[in-house]
Every structure is written in C-alpha cells, then in structure tokens.
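Everything on this sheet refers to the single structure shown next.
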Amino acid sequence: MAVDKNQVVAALGGVATPRGVALPQAGVLSDITVTDGKVFFSINVDAAEARAWEDVRAKADAAVRAIPGVVTALVALTAEKRPGSAPAPQPHSHNHSHGVKPAATHRPQGPPPESPMGKQVAIPGIANIIAIASGKGGVGKSTTALNLALALRDLGLRVGLLDADIYGPSVPRLIGVNEKPKLNDAKKMIPIKRFGMPMMSIGFLVAEETAMVWRGPMVMSAIRQMLWDVIWGELDVLVVDMPPGTGDAQLTLAQQVPLRGAVIVSTPQDLALIDARRGIAMFAKVDVPTLGIIENMSYFECPECGTRSDIFGHGGARHEAERLKVPFLGEIPLHMAIRTSSDAGTPVVESDPKGTHAAIYRAIADRIKHRLAGASAHI
C-alpha cells in the first residue's frame, strides 16, 4: 500500500503540541518527504522551547511508523536560537559547552559537555570504524572509499560500507544498485549486500533525483539511523564515506561512535590541499587520529601510450603529509579504467582484481590495516 503526504499529515493531526493545537497546525513542520514508504521531516522550534517539544517528536515518530505501508521514518527536532528569543534553559551544572548547541534529545550521563566524545557508544559487532573524508568535493572520495573497502576485504577483513554523504550519495550508482533495503521483525534495516559486503546509503532510501534540502539536525538524525538502525553483523572494519567539508556530519560521527581514524583524500593542487588541512584540523579537534593522506588523481596515465602527465601538479599531498607529520598512504592515478569501471557499477578492485590499479588500492589498504593494528584496534 503506497503512503502519501496526506496520510502522514492526518496521522500527525493526533499529536498535540505545547502550543495547544495539533502538530500540523502549529507552524513548525518542514516539508514532508515520502518515498517508497520512507517518511522524512523535521519539527522546527525555537531553542528556548526545545525541551518542551522532545515528547512531541517521539509521538510524531510513533504516529508515522504506525501508518500501514510506512517502512521507516526519520523525524528530527530542530532547535535554533532566533533573534530576540530568550536563551534556552540549561541543565543545573557548572559545566558549559563552548559554542556547541545542545541537541534536543535526552543524553546519558557521562563526560562533561565540553568533551565532544561524551556521547560515544560502540556499535555492537563492529570492531573498527574509519572515515574517508575530504575538505572539498570533486576529489574522487567516494570512488576511493569504495575501492579501499574492497581492498580491505581482499586482505581478509570483514568490511562494511556506509555512504554518509547525505546531500550527494554516490555509492548506489558506483555499485550499480537501486534496490531498497528490507526490514527485519524489529524494524531494523537489512543492508544491501554487494561484492560480499554489507552497504547502506541514504541513496537506497530516496529517489536519485530527490533534492535533500535538510538542515543539520536532519542530517545528524539520518547518520544516526544508518549507524544504529542497520543490521551490520560482525565487521572488522566499517568504512564510512563522509560528505565533503567539516560540518555537522563529521561532528556527529565523531561524537556518536569511537572512530579509529580518518583517511583524507586530496588532489595535488593547492586549493584541494588547503581544504585537506581543514579536514585534518577538524578531526584533531575531536580527538580522531588521521590515518593518512591519499593523493587521488595524482597524475594522468594515457591509456593509449602510457605517457604520464601531471595535470593537477604532483606530490602536493605527500609534501603536505610530511609538513603536518601524518602518514602519506599513496598515489592513485587519474585513469580511464577507474572512471569507466565506477560508472559501470563494477569498481576496479572488483572488475580487474589483478590489475595495476587494484594493486595500488590494496597497497594503500594494507598501510591502513597496519595503522589500525598499531592503534591497538581489533584486526
């Protein structure tokens, strides 16, 4: 049975709010997205009201999930301080967060709020989580993340891949899959399995042409759901393809789960390296070690004559790694075979496992594996 927006609005009509009217009449709902039984929306209130609306969010989530045909729901509470509004109420504590807006959900007791690691909880069954990140888009991060995951698999590890790039999920296209994940009896998502690895992406849940016009809290809720509401099974490594930049998604991941480290992908040119530095600095601020830098599109290798050309310059990432005293993991060329295999949904490590490019990815994966082992990870 297909679910439409009107059914969702009708169900939310039974949810009362602190404003004395039903939720749809309270003027706080974002646009409601309904795709193949997946429902996404946020409740946007002033930060000073956030605590009073926590129960509303939970009731809205329950009401939507009770609609026949709904397979999953993502309901976020957005709490923003508006001009002229009173400060949001603070817990009775001598500790104060430094510029970090408190989330509008209950948090367990733990380290003081100054620590961004205060909410970290390991995901059962997953020994190590690593982030593949870049300071900017267009550097081939998703292709690199997928091929590295496959290379780690080839080294004998049990590997999963999470595409956390909410605004531009690439993994469904890179693996040639457009099916939707199924749910088990506990309403947990069963990840798509491809190339012997479990994979999850927001691209499996929404249509490819859907514009993800989401604020930070919706992005954070989506990442939490893909981490915790997925049956990942027993994994040695979960590889997370991060969105570009240094924003909510990166902070959420670092705060939610104990990251073993981050791999920074950059191209050789100065503009990309500037953003790579920002990425390394951001992870350092949340106590996540940088496992190393990869120079992607390091040089162009002509498929006809084999001539090498340094289109974007060369060696910039290596020099940056030396300057910042982080490991340099290797160079990946700009080559037609890597691009065409990705476009075909059969990444080069899978489609040409004995080829030169697969060997490059495996060599980098081996360095990552040894870095993880050196960090006392369970490998």
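Ligands are numbered from 1 in the order shown, residues from 1 within each chain, and chains are lettered A, B, ... in the order they appear in the structure tokens.
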
Residue neighbourhood Asn147 of chain A, 8 Å, only C-alpha atoms, exclusion window fewer than 2 positions, as a count of residues only: 11

Taking only residues of segment 23-73 of chain A that have an atom at most 6 Å from an atom of segment 3-15 of chain A, what is each one's shortest atom pair and its distance in Å to one decimal, using only C-alpha atoms, in chain and number order, as a tab-separated table?
```
residue	atom	partner	partner_atom	distance
A:Leu23	CA	A:Val15	CA	5.7
A:Gly37	CA	A:Val3	CA	5.9
A:Ala63	CA	A:Ala11	CA	5.9
A:Gly69	CA	A:Val3	CA	6.0
```

Pairwise distance for atom CA of Asp310 of chain A and atom CA of Arg323 of chain A, rounded to one decimal in Å: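 Going from atom CA of Asp310 of chain A over to atom CA of Arg323 of chain A, I get 21.4 Å.
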
DSSP-assigned alpha helix (DSSP H) among segment 159-300 of chain A, expressed as a PyMOL selection string: chain A and resi 171-175+216-228+248-256+270-285

What would the file look like if the residues just selected were written as a tab-separated table (two decimals), in the first residue's frame with N, CA and C atoms?
```
chain	number	residue	atom	x	y	z
A	171	VAL	N	27.31	5.99	-3.67
A	171	VAL	CA	27.53	4.55	-3.63
A	171	VAL	C	26.51	3.77	-4.44
A	172	PRO	N	25.20	4.08	-4.40
A	172	PRO	CA	24.26	3.30	-5.21
A	172	PRO	C	24.66	3.26	-6.69
A	173	ARG	N	25.07	4.40	-7.24
A	173	ARG	CA	25.49	4.43	-8.64
A	173	ARG	C	26.80	3.68	-8.84
A	174	LEU	N	27.74	3.83	-7.91
A	174	LEU	CA	29.05	3.20	-8.06
A	174	LEU	C	28.99	1.68	-7.97
A	175	ILE	N	27.96	1.14	-7.31
A	175	ILE	CA	27.84	-0.33	-7.21
A	175	ILE	C	26.73	-0.87	-8.10
A	216	GLY	N	20.94	20.79	9.49
A	216	GLY	CA	21.89	19.95	10.21
A	216	GLY	C	21.26	18.85	11.04
A	217	PRO	N	20.23	19.13	11.85
A	217	PRO	CA	19.65	18.07	12.68
A	217	PRO	C	19.09	16.90	11.87
A	218	MET	N	18.54	17.17	10.69
A	218	MET	CA	18.05	16.08	9.86
A	218	MET	C	19.21	15.23	9.35
A	219	VAL	N	20.30	15.88	8.98
A	219	VAL	CA	21.49	15.15	8.54
A	219	VAL	C	22.01	14.27	9.67
A	220	MET	N	22.09	14.84	10.87
A	220	MET	CA	22.59	14.09	12.01
A	220	MET	C	21.68	12.91	12.35
A	221	SER	N	20.37	13.12	12.27
A	221	SER	CA	19.42	12.03	12.55
A	221	SER	C	19.57	10.92	11.52
A	222	ALA	N	19.76	11.29	10.26
A	222	ALA	CA	19.91	10.28	9.21
A	222	ALA	C	21.16	9.44	9.44
A	223	ILE	N	22.26	10.09	9.81
A	223	ILE	CA	23.50	9.35	10.04
A	223	ILE	C	23.35	8.43	11.25
A	224	ARG	N	22.72	8.94	12.31
A	224	ARG	CA	22.49	8.08	13.48
A	224	ARG	C	21.66	6.86	13.11
A	225	GLN	N	20.62	7.08	12.30
A	225	GLN	CA	19.76	5.97	11.92
A	225	GLN	C	20.51	4.94	11.09
A	226	MET	N	21.38	5.40	10.18
A	226	MET	CA	22.12	4.46	9.34
A	226	MET	C	23.23	3.75	10.12
A	227	LEU	N	23.64	4.32	11.24
A	227	LEU	CA	24.60	3.64	12.10
A	227	LEU	C	23.92	2.61	12.99
A	228	TRP	N	22.82	3.02	13.63
A	228	TRP	CA	22.24	2.21	14.71
A	228	TRP	C	21.04	1.38	14.30
A	248	ASP	N	28.34	19.33	10.17
A	248	ASP	CA	27.54	18.55	11.10
A	248	ASP	C	27.78	17.05	10.98
A	249	ALA	N	27.89	16.54	9.74
A	249	ALA	CA	28.01	15.10	9.56
A	249	ALA	C	29.29	14.57	10.21
A	250	GLN	N	30.40	15.26	9.99
A	250	GLN	CA	31.67	14.82	10.57
A	250	GLN	C	31.62	14.88	12.09
A	251	LEU	N	31.07	15.97	12.63
A	251	LEU	CA	30.99	16.12	14.07
A	251	LEU	C	30.08	15.07	14.68
A	252	THR	N	28.95	14.80	14.02
A	252	THR	CA	28.02	13.78	14.52
A	252	THR	C	28.68	12.42	14.60
A	253	LEU	N	29.37	12.04	13.54
A	253	LEU	CA	30.02	10.72	13.53
A	253	LEU	C	31.05	10.62	14.64
A	254	ALA	N	31.88	11.66	14.79
A	254	ALA	CA	32.92	11.64	15.82
A	254	ALA	C	32.32	11.60	17.22
A	255	GLN	N	31.17	12.24	17.40
A	255	GLN	CA	30.53	12.27	18.72
A	255	GLN	C	29.77	10.98	19.03
A	256	GLN	N	29.23	10.34	18.00
A	256	GLN	CA	28.35	9.20	18.22
A	256	GLN	C	29.09	7.89	18.43
A	270	ASP	N	46.85	23.10	-4.95
A	270	ASP	CA	46.86	23.86	-3.69
A	270	ASP	C	45.47	24.03	-3.10
A	271	LEU	N	44.45	24.30	-3.94
A	271	LEU	CA	43.11	24.53	-3.41
A	271	LEU	C	42.59	23.32	-2.65
A	272	ALA	N	42.81	22.12	-3.19
A	272	ALA	CA	42.37	20.91	-2.52
A	272	ALA	C	43.15	20.68	-1.23
A	273	LEU	N	44.44	21.01	-1.26
A	273	LEU	CA	45.29	20.79	-0.08
A	273	LEU	C	44.91	21.72	1.06
A	274	ILE	N	44.49	22.95	0.73
A	274	ILE	CA	44.03	23.86	1.78
A	274	ILE	C	42.85	23.24	2.53
A	275	ASP	N	41.90	22.67	1.77
A	275	ASP	CA	40.74	22.07	2.41
A	275	ASP	C	41.10	20.76	3.12
A	276	ALA	N	42.08	20.04	2.61
A	276	ALA	CA	42.54	18.83	3.30
A	276	ALA	C	43.10	19.18	4.67
A	277	ARG	N	43.82	20.30	4.75
A	277	ARG	CA	44.35	20.75	6.05
A	277	ARG	C	43.21	21.01	7.03
A	278	ARG	N	42.14	21.62	6.53
A	278	ARG	CA	40.99	21.89	7.40
A	278	ARG	C	40.40	20.58	7.92
A	279	GLY	N	40.32	19.58	7.04
A	279	GLY	CA	39.79	18.30	7.46
A	279	GLY	C	40.63	17.66	8.55
A	280	ILE	N	41.93	17.69	8.39
A	280	ILE	CA	42.83	17.12	9.40
A	280	ILE	C	42.69	17.88	10.72
A	281	ALA	N	42.60	19.21	10.64
A	281	ALA	CA	42.46	20.02	11.85
A	281	ALA	C	41.15	19.73	12.56
A	282	MET	N	40.08	19.55	11.78
A	282	MET	CA	38.77	19.27	12.38
A	282	MET	C	38.78	17.94	13.12
A	283	PHE	N	39.32	16.90	12.50
A	283	PHE	CA	39.37	15.60	13.17
A	283	PHE	C	40.27	15.66	14.41
A	284	ALA	N	41.35	16.44	14.35
A	284	ALA	CA	42.22	16.57	15.52
A	284	ALA	C	41.46	17.20	16.68
A	285	LYS	N	40.57	18.14	16.40
A	285	LYS	CA	39.82	18.81	17.46
A	285	LYS	C	38.87	17.86	18.18
```

So which residues of segment 158-345 of chain A fall under strand (DSSP E or B) by DSSP, listed as a PDB file with C-alpha atoms, in the first residue's frame?
```
ATOM      1  CA  VAL A 159      34.177  -4.992   5.827  1.00  0.00           C
ATOM      2  CA  GLY A 160      31.024  -2.877   5.527  1.00  0.00           C
ATOM      3  CA  LEU A 161      30.499   0.451   3.755  1.00  0.00           C
ATOM      4  CA  LEU A 162      28.321   3.332   4.939  1.00  0.00           C
ATOM      5  CA  ASP A 163      27.669   6.138   2.460  1.00  0.00           C
ATOM      6  CA  LYS A 182      14.271  -4.564   3.684  1.00  0.00           C
ATOM      7  CA  LEU A 183      13.346  -4.504   7.374  1.00  0.00           C
ATOM      8  CA  MET A 189      17.198  -2.180   8.105  1.00  0.00           C
ATOM      9  CA  ILE A 190      18.958  -5.077   6.421  1.00  0.00           C
ATOM     10  CA  ILE A 192      22.250  -4.170   0.732  1.00  0.00           C
ATOM     11  CA  LYS A 193      24.916  -6.797   0.121  1.00  0.00           C
ATOM     12  CA  ARG A 194      27.190  -6.318  -2.876  1.00  0.00           C
ATOM     13  CA  MET A 197      29.999  -6.552   1.774  1.00  0.00           C
ATOM     14  CA  PRO A 198      27.005  -5.017   3.596  1.00  0.00           C
ATOM     15  CA  MET A 199      26.344  -1.458   2.380  1.00  0.00           C
ATOM     16  CA  MET A 200      23.982   1.326   3.379  1.00  0.00           C
ATOM     17  CA  SER A 201      23.288   4.711   1.800  1.00  0.00           C
ATOM     18  CA  VAL A 230      21.046  -1.236  10.436  1.00  0.00           C
ATOM     19  CA  LEU A 235      32.617  -6.494  10.996  1.00  0.00           C
ATOM     20  CA  VAL A 237      36.016  -2.507   9.701  1.00  0.00           C
ATOM     21  CA  LEU A 238      33.116  -0.219   8.801  1.00  0.00           C
ATOM     22  CA  VAL A 239      34.284   2.233   6.141  1.00  0.00           C
ATOM     23  CA  VAL A 240      32.310   5.492   6.200  1.00  0.00           C
ATOM     24  CA  ASP A 241      32.252   7.643   3.065  1.00  0.00           C
ATOM     25  CA  GLY A 261      40.785   7.239  12.471  1.00  0.00           C
ATOM     26  CA  ALA A 262      40.216   9.273   9.321  1.00  0.00           C
ATOM     27  CA  VAL A 263      41.726   8.944   5.864  1.00  0.00           C
ATOM     28  CA  ILE A 264      41.940  12.259   4.000  1.00  0.00           C
ATOM     29  CA  VAL A 265      41.585  12.217   0.203  1.00  0.00           C
ATOM     30  CA  SER A 266      43.021  15.142  -1.760  1.00  0.00           C
ATOM     31  CA  THR A 290      44.488  10.926  10.868  1.00  0.00           C
ATOM     32  CA  LEU A 291      45.479   7.536   9.487  1.00  0.00           C
ATOM     33  CA  GLY A 292      46.984   9.232   6.473  1.00  0.00           C
ATOM     34  CA  ILE A 293      46.545  11.258   3.279  1.00  0.00           C
ATOM     35  CA  ILE A 294      45.879   9.843  -0.179  1.00  0.00           C
ATOM     36  CA  GLU A 295      46.776  11.821  -3.286  1.00  0.00           C
ATOM     37  CA  PHE A 300      47.213  11.199 -15.732  1.00  0.00           C
ATOM     38  CA  GLU A 301      48.279   7.994 -17.403  1.00  0.00           C
ATOM     39  CA  ARG A 308      52.324  10.254 -17.689  1.00  0.00           C
ATOM     40  CA  SER A 309      51.171  13.867 -17.276  1.00  0.00           C
ATOM     41  CA  ILE A 311      47.663  17.616 -14.884  1.00  0.00           C
ATOM     42  CA  GLY A 313      50.577  19.102 -10.292  1.00  0.00           C
ATOM     43  CA  PHE A 328      51.292   9.521   3.324  1.00  0.00           C
ATOM     44  CA  LEU A 329      49.345   6.481   2.158  1.00  0.00           C
ATOM     45  CA  GLY A 330      49.915   6.587  -1.588  1.00  0.00           C
ATOM     46  CA  GLU A 331      49.116   7.974  -5.031  1.00  0.00           C
ATOM     47  CA  LEU A 334      43.650   9.676 -12.961  1.00  0.00           C
TER      48      LEU A 334
END
```

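Closest approach to His319 of chain A from the set A:Pro268, A:Pro333, A:Gly374, A:Gly306 is made by A:Pro268, with distances taken over only C-alpha atoms.
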
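Here atom CA of Lys38 of chain A is placed at a distance of 19.9 Å from atom CA of Trp232 of chain A.
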